[in-house]
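Printed here is model_37.txt (compact mmCIF, C-alpha atoms):
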# COMPACT_ATOMS: atom_id res chain seq x y z
CA MET A 1 79.77 89.38 106.59
CA ASP A 2 79.66 86.96 109.51
CA GLU A 3 81.26 84.20 107.42
CA VAL A 4 84.04 86.41 106.03
CA HIS A 5 86.97 87.91 107.84
CA PHE A 6 89.95 89.76 106.42
CA VAL A 7 93.65 89.19 106.82
CA ASN A 8 96.17 91.98 106.20
CA THR A 9 98.84 90.52 103.96
CA ARG A 10 100.99 93.64 103.56
CA PHE A 11 100.96 95.98 106.55
CA ASP A 12 98.87 97.13 109.49
CA PRO A 13 97.73 100.72 108.88
CA ASP A 14 97.34 101.25 112.62
CA VAL A 15 101.14 101.25 112.93
CA ILE A 16 100.91 104.89 111.83
CA GLY A 17 97.37 105.63 113.06
CA PHE A 18 95.84 105.75 109.60
CA HIS A 19 92.60 104.01 110.56
CA ALA A 20 91.80 106.80 113.03
CA ILE A 21 92.10 109.40 110.26
CA ALA A 22 90.02 107.33 107.84
CA GLN A 23 87.38 106.69 110.52
CA GLU A 24 86.94 110.44 111.01
CA MET A 25 86.21 110.76 107.31
CA ALA A 26 83.85 107.79 107.46
CA ALA A 27 81.90 109.41 110.30
CA ALA A 28 81.20 112.35 107.99
CA ALA A 29 80.63 110.54 104.67
CA GLY A 30 80.74 106.79 105.30
CA TYR A 31 77.88 104.34 104.98
CA THR A 32 76.65 105.01 108.53
CA ALA A 33 76.79 108.81 108.16
CA THR A 34 73.61 110.87 108.05
CA LEU A 35 73.50 112.73 104.74
CA SER A 36 70.85 114.66 102.86
CA VAL A 37 71.60 112.62 99.72
CA ASP A 38 69.40 109.55 99.33
CA ALA A 39 70.92 106.64 101.27
CA GLY A 40 70.33 104.17 98.43
CA LEU A 41 72.08 106.43 95.94
CA ALA A 42 75.03 106.92 98.31
CA GLN A 43 75.34 103.12 98.62
CA LEU A 44 75.33 102.71 94.85
CA LEU A 45 78.16 105.24 94.59
CA ARG A 46 80.19 103.52 97.32
CA LEU A 47 79.73 100.16 95.67
CA ARG A 48 80.68 101.57 92.25
CA VAL A 49 83.94 102.95 93.68
CA ALA A 50 84.65 99.53 95.20
CA GLN A 51 84.09 97.93 91.79
CA LEU A 52 86.33 100.41 90.00
CA ASN A 53 89.27 100.08 92.37
CA PRO A 54 88.58 96.79 92.94
CA CYS A 55 88.56 96.30 96.69
CA SER A 56 87.39 92.92 98.04
CA TYR A 57 86.77 94.30 101.53
CA CYS A 58 84.67 97.18 100.19
CA LEU A 59 82.82 95.04 97.63
CA ILE A 60 81.70 92.61 100.33
CA LEU A 61 80.86 95.32 102.88
CA HIS A 62 79.01 97.63 100.49
CA THR A 63 77.10 94.89 98.69
CA ALA A 64 75.66 93.94 102.09
CA ALA A 65 75.09 97.61 102.99
CA ALA A 66 73.27 98.16 99.68
CA ARG A 67 70.97 95.22 100.45
CA ASP A 68 70.43 96.59 103.96
CA ALA A 69 69.54 99.99 102.45
CA GLY A 70 66.73 98.27 100.55
CA LEU A 71 68.22 98.31 97.06
CA HIS A 72 66.86 95.64 94.73
CA PRO A 73 69.28 92.69 94.36
CA ALA A 74 69.16 92.92 90.54
CA LYS A 75 70.14 96.58 90.67
CA ILE A 76 73.09 95.74 92.92
CA ALA A 77 74.10 92.76 90.78
CA HIS A 78 74.44 94.69 87.54
CA LEU A 79 75.68 98.03 88.83
CA ALA A 80 78.85 97.61 86.75
CA SER A 81 76.68 97.75 83.62
CA TRP A 82 74.49 100.66 84.75
CA ARG A 83 74.78 102.42 81.38
CA GLU A 84 73.10 99.42 79.73
CA SER A 85 70.21 99.36 82.19
CA THR A 86 66.75 100.85 82.54
CA MET A 87 66.84 100.30 86.32
CA PHE A 88 68.87 103.45 86.99
CA ALA A 89 67.14 106.84 86.93
CA GLU A 90 68.71 109.83 85.15
CA ASP A 91 69.88 111.39 88.41
CA GLU A 92 71.50 108.09 89.44
CA GLY A 93 73.22 107.88 86.06
CA ALA A 94 74.56 111.40 86.46
CA ALA A 95 75.87 110.58 89.95
CA LEU A 96 77.43 107.31 88.75
CA ALA A 97 79.16 109.03 85.79
CA TYR A 98 80.49 111.71 88.17
CA THR A 99 81.69 108.97 90.55
CA GLU A 100 83.56 107.24 87.74
CA ALA A 101 85.14 110.48 86.48
CA LEU A 102 86.28 111.44 90.00
CA THR A 103 87.53 107.94 90.86
CA GLU A 104 89.39 107.47 87.58
CA PHE A 105 90.53 111.10 87.62
CA ASP A 106 89.35 111.63 84.07
CA LEU A 107 90.00 115.35 83.72
CA SER A 108 88.68 115.42 80.16
CA ALA A 109 85.26 114.19 81.35
CA PHE A 110 85.09 115.60 84.85
CA ALA A 111 83.80 119.11 84.07
CA GLU A 112 81.10 117.69 81.82
CA GLN A 113 80.06 115.15 84.46
CA HIS A 114 79.93 117.85 87.12
CA GLU A 115 77.63 119.96 84.91
CA ARG A 116 75.40 116.94 84.29
CA LEU A 117 75.25 116.25 88.03
CA ALA A 118 74.32 119.89 88.71
CA ARG A 119 71.15 119.44 86.63
CA PHE A 120 69.82 117.05 89.29
CA PHE A 121 71.47 118.04 92.58
CA ASP A 122 72.02 121.25 94.53
CA GLU A 123 75.42 122.40 95.76
CA LYS A 124 75.13 120.69 99.16
CA SER A 125 74.14 117.37 97.57
CA ILE A 126 77.02 117.62 95.09
CA ALA A 127 79.42 118.26 97.97
CA GLU A 128 78.03 115.21 99.80
CA ILE A 129 78.31 113.05 96.68
CA ALA A 130 81.93 114.19 96.22
CA ALA A 131 82.63 113.43 99.91
CA VAL A 132 81.12 109.93 99.57
CA VAL A 133 83.26 109.21 96.51
CA ILE A 134 86.45 110.66 98.01
CA ASN A 135 85.90 108.80 101.28
CA MET A 136 85.36 105.52 99.41
CA ASN A 137 88.48 106.09 97.36
CA VAL A 138 90.48 106.55 100.57
CA TRP A 139 89.08 103.32 102.04
CA THR A 140 89.49 101.25 98.88
CA ARG A 141 93.07 102.37 98.50
CA LEU A 142 93.79 101.74 102.19
CA LYS A 143 92.37 98.23 102.06
CA LEU A 144 94.22 97.49 98.81
CA ALA A 145 97.51 98.86 100.20
CA GLN A 146 97.27 96.86 103.42
CA GLY A 147 96.36 93.75 101.46
CA ALA A 148 92.97 93.09 103.08
CA VAL A 149 92.23 89.62 101.72
CA PRO A 150 88.86 87.97 102.40
CA VAL A 151 88.85 84.52 103.98
CA LEU A 152 85.60 82.58 103.88
CA GLU A 153 84.90 80.77 107.13
CA GLU A 154 83.78 77.19 106.90
CA VAL A 155 80.06 77.13 107.68
CA THR A 156 78.96 73.99 109.49
CA PRO A 157 75.62 72.71 108.22
CA LYS A 158 72.96 72.33 110.90
CA HIS A 159 71.61 69.13 109.41
CA ARG A 160 73.55 66.45 107.58
CA ASP A 161 71.95 65.16 104.42
CA GLN A 162 70.56 61.66 105.04
CA SER A 163 72.35 60.35 101.93
CA GLU A 164 75.74 61.28 103.43
CA GLY A 165 75.42 58.42 105.89
Show me, as structure tokens, the structure contained in the file I just sent.
Amino acid sequence: MDEVHFVNTRFDPDVIGFHAIAQEMAAAAGYTATLSVDAGLAQLLRLRVAQLNPCSYCLILHTAAARDAGLHPAKIAHLASWRESTMFAEDEGAALAYTEALTEFDLSAFAEQHERLARFFDEKSIAEIAAVVINMNVWTRLKLAQGAVPVLEEVTPKHRDQSEG
């Protein structure tokens, strides 16, 4: 993310101290938190929330974090089509479906998705997965509300092409 910075186009959430509250949540369930749930899975869930909401800040941050967590680039690239893929294990699919139901607040599907998730994860892991999803929904909505717009920095090439004169 060295080449990208963000500009708030709507408001500064620190005017009311909101970042401090969100940072407390991030310490418990954010991408640097220590959880018992697999770190790669947690990154997939964070990135899926960013896709669903769609938050530029979170998409850029969590795509990089997913790469840093060792996830295969192809798996990251087609996360939005996870249902059509053989790259995602059954437990990942259950967690992704739960993430979507919780993010989209689909009450008709939520109980079913929770039951599916419970076939693969214990109560503590389910609580952590829910915390990851809820935390990401807070951050995506915060960044969307404040108007966090990415600006790509001009990268100066180290060597000029000889044909450019």
Quick one: residues within 12 Å of A:Pro54, only C-alpha atoms, excluding same-chain residues fewer than 3 positions away - as a count of residues only?
25
What is the distance, in Å and to one decimal place, between atom CA of A:Leu152 and atom CA of A:Glu3?
5.8 Å
Using only C-alpha atoms, the best pick from A:Ser108, A:Asn53, A:Ser81, A:Gln113 as closest to A:Ala94 would be A:Gln113
Would you please work out which residue, of A:Ala77, A:His114, A:Tyr31, A:Glu90, is nearest to A:His62 when using all atoms listed in the file?
A:Tyr31
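Closest approach to A:His72 among A:Gln43, A:Ser56, A:Thr99, A:Ser125: A:Gln43, based on all atoms listed in the file.
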d(atom CA of A:Cys55, atom CA of A:His78) in Å:
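Computed distance, atom CA of A:Cys55 to atom CA of A:His78, equals 16.9 Å.
Every polymer residue reaching to within 10 Å of (85.3, 111.0, 103.0), counting all atoms listed in the file, appears in this list: Ala22, Gln23, Glu24, Met25, Ala26, Ala27, Ala28, Ala29, Gly30, Glu128, Ile129, Ala130, Ala131, Val132, Val133, Ile134, Asn135, Met136, Asn137, Val138 and Trp139 of chain A.
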Given the selection you just returned, output its residues as a file containing C-alpha atoms, formatted as an mmCIF file, in the frame of the given file.
data_model
loop_
_atom_site.group_PDB
_atom_site.id
_atom_site.type_symbol
_atom_site.label_atom_id
_atom_site.label_comp_id
_atom_site.auth_asym_id
_atom_site.auth_seq_id
_atom_site.Cartn_x
_atom_site.Cartn_y
_atom_site.Cartn_z
ATOM 1 C CA ALA A 22 90.020 107.330 107.840
ATOM 2 C CA GLN A 23 87.380 106.690 110.520
ATOM 3 C CA GLU A 24 86.940 110.440 111.010
ATOM 4 C CA MET A 25 86.210 110.760 107.310
ATOM 5 C CA ALA A 26 83.850 107.790 107.460
ATOM 6 C CA ALA A 27 81.900 109.410 110.300
ATOM 7 C CA ALA A 28 81.200 112.350 107.990
ATOM 8 C CA ALA A 29 80.630 110.540 104.670
ATOM 9 C CA GLY A 30 80.740 106.790 105.300
ATOM 10 C CA GLU A 128 78.030 115.210 99.800
ATOM 11 C CA ILE A 129 78.310 113.050 96.680
ATOM 12 C CA ALA A 130 81.930 114.190 96.220
ATOM 13 C CA ALA A 131 82.630 113.430 99.910
ATOM 14 C CA VAL A 132 81.120 109.930 99.570
ATOM 15 C CA VAL A 133 83.260 109.210 96.510
ATOM 16 C CA ILE A 134 86.450 110.660 98.010
ATOM 17 C CA ASN A 135 85.900 108.800 101.280
ATOM 18 C CA MET A 136 85.360 105.520 99.410
ATOM 19 C CA ASN A 137 88.480 106.090 97.360
ATOM 20 C CA VAL A 138 90.480 106.550 100.570
ATOM 21 C CA TRP A 139 89.080 103.320 102.040
#
Do you have the atom CA of A:Ala109-atom CA of A:Ala97 distance handy?
9.1 Å
Nearest candidate to A:Phe121 (options A:Ala65, A:Val151, A:Ala20, A:Val37; using all atoms listed in the file)
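Counting all atoms listed in the file, the residue closest to A:Phe121 is A:Val37.
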